[in-house]
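Undergrad: upload_17.txt is the file, holding compact mmCIF, C-alpha atoms:
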```txt
# COMPACT_ATOMS: atom_id res chain seq x y z
CA MET A 1 0.00 0.00 0.00
CA LEU A 2 1.20 3.50 -0.82
CA ARG A 3 2.44 5.59 2.07
CA SER A 4 0.03 8.30 3.20
CA ARG A 5 0.99 11.86 2.27
CA ILE A 6 0.62 13.82 5.48
CA VAL A 7 1.20 17.57 5.61
CA ILE A 8 2.36 18.96 8.97
CA THR A 9 1.95 22.63 9.85
CA MET A 10 4.61 23.88 12.26
CA GLY A 11 2.13 25.85 14.35
CA ASP A 12 2.94 29.01 16.30
CA PRO A 13 6.60 29.89 15.59
CA SER A 14 6.88 31.29 19.13
CA GLY A 15 5.82 28.00 20.71
CA ILE A 16 6.98 24.36 20.75
CA GLY A 17 5.55 23.46 17.33
CA PRO A 18 8.89 23.83 15.50
CA GLU A 19 10.68 21.74 18.16
CA ILE A 20 8.26 18.81 18.08
CA THR A 21 8.14 18.96 14.27
CA GLU A 22 11.92 18.72 14.13
CA LYS A 23 11.98 15.82 16.59
CA VAL A 24 9.47 13.92 14.46
CA ILE A 25 11.08 14.47 11.07
CA ARG A 26 14.49 13.46 12.49
CA ASN A 27 12.99 10.27 13.95
CA ASN A 28 13.67 7.83 11.13
CA SER A 29 11.27 5.21 12.47
CA ILE A 30 8.46 7.73 11.91
CA SER A 31 9.59 9.93 9.05
CA HIS A 32 10.47 7.02 6.74
CA LYS A 33 7.10 5.37 7.33
CA TYR A 34 5.03 8.16 5.79
CA ASN A 35 5.39 10.75 3.06
CA LEU A 36 5.73 13.78 5.31
CA ILE A 37 5.37 17.33 4.01
CA VAL A 38 6.19 20.17 6.41
CA VAL A 39 4.80 23.68 5.92
CA GLY A 40 6.71 26.35 7.81
CA ASN A 41 10.13 27.97 7.89
CA ARG A 42 13.57 26.38 8.01
CA ASN A 43 14.94 29.19 10.16
CA LEU A 44 12.82 27.82 13.02
CA LEU A 45 14.75 24.54 13.00
CA THR A 46 18.14 23.84 14.55
CA HIS A 47 19.17 21.19 11.99
CA SER A 48 18.74 20.70 8.26
CA VAL A 49 15.64 18.95 6.98
CA PRO A 50 16.23 15.25 6.12
CA ASP A 51 16.27 14.60 2.38
CA HIS A 52 13.31 12.22 2.52
CA VAL A 53 11.02 14.87 4.07
CA LYS A 54 9.43 17.43 1.77
CA PHE A 55 9.54 21.00 3.05
CA VAL A 56 7.32 23.85 1.84
CA GLU A 57 9.09 27.08 2.77
CA MET A 58 6.83 30.07 3.45
CA GLU A 59 9.08 32.63 1.81
CA GLU A 60 7.47 35.72 3.33
CA TYR A 61 8.73 34.60 6.75
CA SER A 62 12.08 33.13 5.73
CA GLU A 63 14.04 36.07 7.19
CA THR A 64 11.70 36.77 10.09
CA THR A 65 12.93 36.62 13.66
CA PHE A 66 9.88 35.61 15.64
CA PRO A 67 9.43 36.68 19.27
CA LYS A 68 9.80 33.70 21.59
CA CYS A 69 7.55 32.54 24.41
CA ILE A 70 4.91 35.27 24.11
CA PRO A 71 1.72 35.84 22.12
CA ASN A 72 2.33 38.18 19.18
CA ASN A 73 0.69 39.13 15.91
CA VAL A 74 3.62 38.08 13.68
CA SER A 75 3.56 34.49 14.89
CA GLY A 76 -0.23 34.50 14.83
CA LYS A 77 -0.29 35.53 11.16
CA ALA A 78 2.42 33.02 10.19
CA SER A 79 0.67 30.13 11.93
CA MET A 80 -2.54 30.84 10.01
CA ASP A 81 -0.69 31.20 6.71
CA TYR A 82 0.85 27.75 7.27
CA ILE A 83 -2.67 26.31 7.62
CA ILE A 84 -3.93 28.05 4.49
CA LYS A 85 -1.04 26.63 2.48
CA ALA A 86 -1.50 23.12 3.87
CA VAL A 87 -5.21 23.06 3.02
CA GLU A 88 -4.34 24.28 -0.47
CA LEU A 89 -1.96 21.31 -0.87
CA ILE A 90 -4.71 18.87 0.09
CA LYS A 91 -7.28 20.51 -2.16
CA ASN A 92 -4.82 20.23 -5.07
CA ASN A 93 -4.17 16.54 -4.27
CA TYR A 94 -0.57 16.98 -3.13
CA ALA A 95 -1.41 15.55 0.31
CA ASP A 96 -3.96 13.16 1.83
CA ALA A 97 -4.32 14.55 5.34
CA LEU A 98 -3.45 17.49 7.57
CA CYS A 99 -1.69 17.24 10.92
CA THR A 100 -1.41 20.49 12.86
CA CYS A 101 0.97 21.67 15.57
CA PRO A 102 -0.42 24.04 18.20
CA ILE A 103 -1.34 27.64 17.57
CA ASN A 104 -2.02 30.36 20.14
CA LYS A 105 -5.55 31.78 20.32
CA LYS A 106 -4.36 35.16 21.59
CA SER A 107 -1.74 35.46 18.83
CA ILE A 108 -4.15 34.74 15.99
CA GLN A 109 -6.59 37.29 17.36
CA MET A 110 -3.75 39.82 17.65
CA ALA A 111 -3.14 39.12 13.95
CA GLY A 112 -6.72 40.11 13.16
CA TYR A 113 -8.41 36.71 12.97
CA LYS A 114 -11.78 36.24 14.69
CA TYR A 115 -11.33 32.51 15.21
CA LYS A 116 -10.86 30.75 18.55
CA GLY A 117 -8.54 28.14 17.06
CA HIS A 118 -7.89 25.69 14.26
CA THR A 119 -11.29 24.06 14.07
CA ASP A 120 -13.53 26.95 13.07
CA PHE A 121 -10.82 28.36 10.77
CA LEU A 122 -10.51 25.02 8.97
CA ALA A 123 -14.30 24.82 8.70
CA ASP A 124 -14.32 28.17 6.90
CA LEU A 125 -11.41 27.20 4.65
CA THR A 126 -13.11 23.97 3.60
CA GLY A 127 -16.73 25.16 3.51
CA ALA A 128 -17.89 22.94 6.38
CA ASP A 129 -20.82 24.11 8.50
CA ASN A 130 -21.41 20.98 10.58
CA TYR A 131 -18.36 19.59 12.33
CA SER A 132 -17.39 18.16 15.70
CA MET A 133 -14.27 18.14 17.85
CA MET A 134 -13.04 14.74 18.96
CA LEU A 135 -10.10 14.03 21.27
CA GLY A 136 -8.96 10.52 21.83
CA CYS A 137 -6.41 7.81 22.36
CA SER A 138 -6.54 4.06 21.91
CA GLU A 139 -8.53 3.59 25.13
CA LEU A 140 -10.99 6.49 24.93
CA LYS A 141 -12.49 8.71 22.23
CA VAL A 142 -14.55 11.72 23.30
CA VAL A 143 -16.63 13.91 20.99
CA LEU A 144 -17.84 17.31 22.24
CA VAL A 145 -21.26 18.83 21.57
CA THR A 146 -19.95 22.25 22.66
CA ALA A 147 -16.28 23.15 22.89
CA HIS A 148 -14.64 26.48 23.67
CA ILE A 149 -17.47 28.44 25.26
CA PRO A 150 -17.99 29.76 28.80
CA VAL A 151 -19.74 27.38 31.19
CA LYS A 152 -22.63 29.84 31.62
CA ASP A 153 -23.37 29.54 27.88
CA ILE A 154 -23.47 25.74 27.68
CA SER A 155 -27.15 25.18 28.39
CA PRO A 156 -28.42 28.05 26.18
CA THR A 157 -26.21 26.76 23.34
CA LEU A 158 -27.52 23.19 23.46
CA THR A 159 -30.27 22.24 21.02
CA LYS A 160 -31.75 18.93 19.99
CA GLU A 161 -30.48 19.59 16.46
CA LYS A 162 -26.90 20.26 17.60
CA ILE A 163 -26.85 17.14 19.75
CA HIS A 164 -28.25 15.01 16.94
CA ALA A 165 -25.71 16.40 14.46
CA THR A 166 -22.90 15.48 16.88
CA ILE A 167 -24.31 11.95 17.21
CA LEU A 168 -24.44 11.61 13.42
CA ASN A 169 -20.88 12.92 12.99
CA THR A 170 -19.68 10.44 15.62
CA HIS A 171 -21.51 7.55 13.99
CA ASN A 172 -20.05 8.36 10.57
CA ALA A 173 -16.56 8.67 12.06
CA GLY A 174 -16.68 4.98 12.91
CA ARG A 175 -15.72 4.22 9.32
CA LEU A 176 -12.52 6.22 9.63
CA PHE A 177 -11.59 4.46 12.87
CA GLY A 178 -12.31 0.94 11.65
CA CYS A 179 -15.35 0.28 13.84
CA PHE A 180 -18.55 0.55 11.85
CA PRO A 181 -21.22 0.71 13.07
CA PRO A 182 -19.74 2.08 16.29
CA LYS A 183 -21.23 1.78 19.77
CA ILE A 184 -21.74 5.26 21.20
CA ALA A 185 -22.39 6.46 24.75
CA ILE A 186 -23.66 9.93 25.61
CA THR A 187 -23.61 11.96 28.81
CA GLY A 188 -26.32 14.03 30.35
CA LEU A 189 -25.66 17.67 31.14
CA ASN A 190 -26.71 17.82 34.77
CA PRO A 191 -25.62 15.86 37.86
CA HIS A 192 -27.24 12.40 37.84
CA ALA A 193 -28.35 13.12 34.25
CA GLY A 194 -31.06 15.40 35.64
CA ASP A 195 -32.46 12.81 38.07
CA SER A 196 -35.81 12.61 36.25
CA GLY A 197 -36.08 16.39 36.01
CA VAL A 198 -35.31 17.14 39.66
CA ILE A 199 -31.87 18.64 38.83
CA GLY A 200 -32.57 19.90 35.32
CA THR A 201 -34.58 19.16 32.20
CA GLU A 202 -32.00 19.31 29.40
CA GLU A 203 -31.87 15.51 29.38
CA SER A 204 -35.62 15.07 28.87
CA ASP A 205 -36.10 18.12 26.66
CA LEU A 206 -33.02 17.89 24.39
CA ILE A 207 -30.67 14.95 24.82
CA THR A 208 -33.14 12.05 25.01
CA PRO A 209 -35.17 13.28 21.99
CA ALA A 210 -31.91 13.57 19.99
CA VAL A 211 -30.95 10.04 21.03
CA LYS A 212 -34.37 8.66 20.03
CA GLN A 213 -34.11 10.40 16.66
CA ALA A 214 -30.70 8.80 16.12
CA ARG A 215 -31.98 5.37 17.13
CA ARG A 216 -34.69 5.66 14.47
CA ARG A 217 -31.77 5.85 12.02
CA ASN A 218 -30.39 2.60 13.48
CA ILE A 219 -27.52 4.38 15.26
CA ASP A 220 -26.27 2.39 18.24
CA ILE A 221 -26.30 4.96 21.05
CA SER A 222 -27.06 4.83 24.76
CA MET A 223 -29.56 6.90 26.67
CA PRO A 224 -27.92 9.76 28.63
CA TYR A 225 -25.53 8.57 31.34
CA PRO A 226 -24.62 10.56 34.44
CA ALA A 227 -21.21 11.94 33.50
CA ASP A 228 -19.64 10.89 36.80
CA THR A 229 -20.33 7.20 36.13
CA LEU A 230 -19.97 6.97 32.36
CA PHE A 231 -16.18 6.86 32.08
CA CYS A 232 -15.58 3.76 34.22
CA GLU A 233 -13.31 0.99 32.96
CA ASN A 234 -16.17 -1.37 32.03
CA ASN A 235 -17.75 1.28 29.83
CA LEU A 236 -14.43 2.08 28.16
CA LYS A 237 -14.42 -1.52 26.93
CA LYS A 238 -18.11 -1.46 26.00
CA PHE A 239 -18.27 1.67 23.82
CA ASP A 240 -16.23 2.95 20.85
CA PHE A 241 -17.06 6.65 21.27
CA PHE A 242 -18.29 8.88 24.08
CA ILE A 243 -20.22 12.11 23.50
CA ALA A 244 -19.93 14.83 26.16
CA MET A 245 -22.01 17.97 26.39
CA TYR A 246 -19.11 20.32 27.11
CA HIS A 247 -15.34 20.65 27.13
CA ASP A 248 -14.25 19.76 30.67
CA GLN A 249 -16.95 17.14 31.15
CA GLY A 250 -15.35 15.02 28.45
CA LEU A 251 -11.72 16.08 28.53
CA ILE A 252 -11.00 15.66 32.24
CA PRO A 253 -11.46 11.86 32.02
CA LEU A 254 -9.67 11.79 28.68
CA LYS A 255 -6.60 13.60 29.96
CA MET A 256 -6.50 11.50 33.11
CA LYS A 257 -6.43 8.43 30.86
CA CYS A 258 -4.00 9.57 28.18
CA PHE A 259 -2.59 13.02 28.86
CA LYS A 260 0.53 12.78 26.66
CA SER A 261 -0.78 10.49 23.93
CA ALA A 262 -4.17 12.02 23.04
CA VAL A 263 -4.93 13.37 19.58
CA ASN A 264 -7.37 16.04 18.42
CA VAL A 265 -9.49 15.14 15.36
CA THR A 266 -12.04 17.31 13.56
CA LEU A 267 -14.98 15.18 12.43
CA ASN A 268 -17.00 15.80 9.27
CA LEU A 269 -14.62 18.15 7.48
CA PRO A 270 -14.17 17.39 3.77
CA ILE A 271 -10.49 16.76 4.60
CA ILE A 272 -8.85 14.53 7.18
CA ARG A 273 -7.38 16.64 9.98
CA THR A 274 -5.66 15.59 13.18
CA SER A 275 -3.72 17.64 15.69
CA VAL A 276 -1.72 17.48 18.87
CA ASP A 277 -3.76 17.65 22.06
CA HIS A 278 -1.74 20.39 23.76
CA GLY A 279 -0.91 24.06 23.49
CA THR A 280 2.09 26.13 22.54
CA ALA A 281 3.79 25.61 25.94
CA TYR A 282 5.66 28.93 25.88
CA GLU A 283 7.19 28.16 29.27
CA ILE A 284 9.43 25.39 27.86
CA VAL A 285 10.36 26.87 24.46
CA GLY A 286 14.09 26.52 23.75
CA LYS A 287 14.69 24.09 26.62
CA ASN A 288 14.49 20.86 24.59
CA LYS A 289 11.73 19.61 26.89
CA ALA A 290 8.83 19.42 24.43
CA ASP A 291 7.35 15.93 24.07
CA GLU A 292 6.54 14.91 20.50
CA THR A 293 4.39 11.90 21.46
CA SER A 294 1.08 13.57 20.67
CA LEU A 295 2.35 14.69 17.26
CA ILE A 296 3.54 11.17 16.47
CA ASN A 297 0.13 9.81 17.45
CA ALA A 298 -1.58 12.48 15.37
CA ILE A 299 0.41 11.35 12.33
CA LYS A 300 -0.42 7.70 13.00
CA THR A 301 -4.10 8.55 13.43
CA ALA A 302 -4.16 10.53 10.18
CA ASP A 303 -2.56 7.59 8.38
CA MET A 304 -5.16 5.19 9.80
CA MET A 305 -8.00 7.49 8.78
CA VAL A 306 -6.64 7.85 5.24
CA LYS A 307 -6.41 4.08 4.84
CA ASN A 308 -9.84 3.41 6.36
CA ALA A 309 -11.40 6.08 4.15
CA LYS A 310 -10.23 4.06 1.15
CA THR A 311 -11.45 0.77 2.64
CA TYR A 312 -14.97 1.63 3.82
```
Is it possible to give me this structure as structure tokens?
TA:
Amino acid sequence: MLRSRIVITMGDPSGIGPEITEKVIRNNSISHKYNLIVVGNRNLLTHSVPDHVKFVEMEEYSETTFPKCIPNNVSGKASMDYIIKAVELIKNNYADALCTCPINKKSIQMAGYKYKGHTDFLADLTGADNYSMMLGCSELKVVLVTAHIPVKDISPTLTKEKIHATILNTHNAGRLFGCFPPKIAITGLNPHAGDSGVIGTEESDLITPAVKQARRRNIDISMPYPADTLFCENNLKKFDFFIAMYHDQGLIPLKMKCFKSAVNVTLNLPIIRTSVDHGTAYEIVGKNKADETSLINAIKTADMMVKNAKTY
């Protein structure tokens, strides 16, 4: 089978993205296994790029000295330009999947972008209006109904339609992860999943109707679980995917299970996109302490998704 062509964006030049990219491309056991294409700038690396790795130099930044360890508009603009170029490569069939290093939300907003991160920017670039954020490892895959919003806005943001769309995106993702049809579990929003309406009605008004609608489409999904009992070991073995109503509800158990190895995946984009599950880590830039494990796993996950997309 042909090796997957995976384009890596170096992320925020002021963060650890260049360091983990360099560690990966100089790891022969990884870089020889895939056709890797790096989008970024060579001046951010401490060694030359191996001959077997393709490098797309963003010329407008080739002489730039980026500020280190702080949010800034120059790095914010460069990190977004890397993404634009990588998506262009995929659209023109030069790459099969995108794997992104971390960007800084403050920096991209300082550069004039309205986005909160990669996901909504990629949705705009690819014309997607219905997408979901998934974070996972081999033991646990969590899909979020809402992501980067304040806690006070979670309940007003939830709708039956949004929950059902997340269920459908999760179900369809089973093909890309080699488990179709997948078994899906879903959390409630409130403690004890509302306790029959005593502690809240989002379960009866929104979540359960969305589940019943999905079941009518023969989707294998549970009724709402109390979030504090869903992520037990027995359930991790029973279900392929877990849907959480909000960010911390799903990601606290995920990061307790696989903090260094987790991968971020955007579901239902017209392209395959994976990412590291960590930030720019300004506090360790230049100290050779950045761990590339999540980037390696993101590459492996992208490769698996590419191959499963061709199989199913």
Undergrad: Sorted by chain and rising residue number, list the residues of region 45-107 of chain A at most 12 Å from region 251-267 of chain A (counting all atoms listed in the file), each with its closest atom pair and distance in Å to one decimal, as JSON lines.
TA:
```
{"residue": "A:Ala97", "atom": "CA", "partner": "A:Val265", "partner_atom": "CA", "distance": 11.3}
{"residue": "A:Leu98", "atom": "CA", "partner": "A:Val265", "partner_atom": "CA", "distance": 10.1}
{"residue": "A:Cys99", "atom": "CA", "partner": "A:Val265", "partner_atom": "CA", "distance": 9.2}
{"residue": "A:Thr100", "atom": "CA", "partner": "A:Asn264", "partner_atom": "CA", "distance": 9.3}
{"residue": "A:Cys101", "atom": "CA", "partner": "A:Asn264", "partner_atom": "CA", "distance": 10.5}
{"residue": "A:Pro102", "atom": "CA", "partner": "A:Asn264", "partner_atom": "CA", "distance": 10.6}
```
Undergrad: Find, counting all atoms listed in the file, the residue in A:His52, A:Lys307, A:His118, A:His278 that gets nearest to Asn27 (chain A).
TA: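 Closest to Asn27 (chain A), using all atoms listed in the file: A:His52.
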Undergrad: Write out as a PyMOL selection string each polymer residue whose atoms come within 12 Å of Asp205 (chain A), counting only C-alpha atoms; drop sequence neighbours fewer than 5 positions from it.
TA: chain A and resi 155+158-161+163+188-189+193-194+196-197+200+210-212+224
Undergrad: Just the residues within 12 Å of Thr229 (chain A), please, counting only C-alpha atoms, with nothing from its chain fewer than 3 positions along; format it as a list in words.
TA: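 The neighbour list is Ala185, Ile186, Thr187, Gly188, Pro191, His192, Ala193, Pro224, Tyr225, Pro226, Cys232, Glu233, Asn234, Asn235, Leu236, Gln249 and Pro253 of chain A.
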Undergrad: Just want the 8 Å neighbourhood of Ile25 (chain A), counted on only C-alpha atoms, with same-chain residues fewer than 6 positions away dropped. Output as a list in words.
TA: Ser31, Leu36, Val49, Pro50 and Val53 of chain A
Undergrad: Restricting it to C-alpha atoms, dump the selection as an mmCIF file, in the coordinates of the input.
TA:
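Wrote again.cif, looks like this:
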```cif
data_model
loop_
_atom_site.group_PDB
_atom_site.id
_atom_site.type_symbol
_atom_site.label_atom_id
_atom_site.label_comp_id
_atom_site.auth_asym_id
_atom_site.auth_seq_id
_atom_site.Cartn_x
_atom_site.Cartn_y
_atom_site.Cartn_z
ATOM 1 C CA SER A 31 9.590 9.930 9.050
ATOM 2 C CA LEU A 36 5.730 13.780 5.310
ATOM 3 C CA VAL A 49 15.640 18.950 6.980
ATOM 4 C CA PRO A 50 16.230 15.250 6.120
ATOM 5 C CA VAL A 53 11.020 14.870 4.070
#
```
Undergrad: With all atoms of region 109-114 of chain A from the file as input, state the centre and edge lengths in Å to one decimal of the axis-aligned box that has 4 Å extra on each side, as AutoDock Vina command-line options.
TA:
```
--center_x -7.5 --center_y 38.2 --center_z 15.3 --size_x 16.6 --size_y 11.9 --size_z 12.7
```
Undergrad: If I take CA of His164 (chain A) and CA of Asp277 (chain A), how far is one from the other in Å, to one decimal?
TA: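 It comes out at 25.2 Å.
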Undergrad: Please work out which residues fall within 10 Å of (9.3, 20.4, 4.7), coordinates as given in the file, with all atoms listed in the file counting, and return them as a list in words.
TA: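 Looking at atoms near the point gives Val7, Ile8, Thr9, Met10, Thr21, Glu22, Ile25, Leu36, Ile37, Val38, Val39, Gly40, Asn41, Arg42, Val49, Pro50, Asp51, His52, Val53, Lys54, Phe55, Val56 and Glu57 of chain A.
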Undergrad: Grab the residues selected above and save them as a PDB file, keeping the file's coordinate frame with C-alpha atoms.
TA:
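So the final result, stored in selection-v9.pdb, reads:
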```pdb
ATOM      1  CA  VAL A   7       1.200  17.570   5.610  1.00  0.00           C
ATOM      2  CA  ILE A   8       2.360  18.960   8.970  1.00  0.00           C
ATOM      3  CA  THR A   9       1.950  22.630   9.850  1.00  0.00           C
ATOM      4  CA  MET A  10       4.610  23.880  12.260  1.00  0.00           C
ATOM      5  CA  THR A  21       8.140  18.960  14.270  1.00  0.00           C
ATOM      6  CA  GLU A  22      11.920  18.720  14.130  1.00  0.00           C
ATOM      7  CA  ILE A  25      11.080  14.470  11.070  1.00  0.00           C
ATOM      8  CA  LEU A  36       5.730  13.780   5.310  1.00  0.00           C
ATOM      9  CA  ILE A  37       5.370  17.330   4.010  1.00  0.00           C
ATOM     10  CA  VAL A  38       6.190  20.170   6.410  1.00  0.00           C
ATOM     11  CA  VAL A  39       4.800  23.680   5.920  1.00  0.00           C
ATOM     12  CA  GLY A  40       6.710  26.350   7.810  1.00  0.00           C
ATOM     13  CA  ASN A  41      10.130  27.970   7.890  1.00  0.00           C
ATOM     14  CA  ARG A  42      13.570  26.380   8.010  1.00  0.00           C
ATOM     15  CA  VAL A  49      15.640  18.950   6.980  1.00  0.00           C
ATOM     16  CA  PRO A  50      16.230  15.250   6.120  1.00  0.00           C
ATOM     17  CA  ASP A  51      16.270  14.600   2.380  1.00  0.00           C
ATOM     18  CA  HIS A  52      13.310  12.220   2.520  1.00  0.00           C
ATOM     19  CA  VAL A  53      11.020  14.870   4.070  1.00  0.00           C
ATOM     20  CA  LYS A  54       9.430  17.430   1.770  1.00  0.00           C
ATOM     21  CA  PHE A  55       9.540  21.000   3.050  1.00  0.00           C
ATOM     22  CA  VAL A  56       7.320  23.850   1.840  1.00  0.00           C
ATOM     23  CA  GLU A  57       9.090  27.080   2.770  1.00  0.00           C
TER      24      GLU A  57
END
```
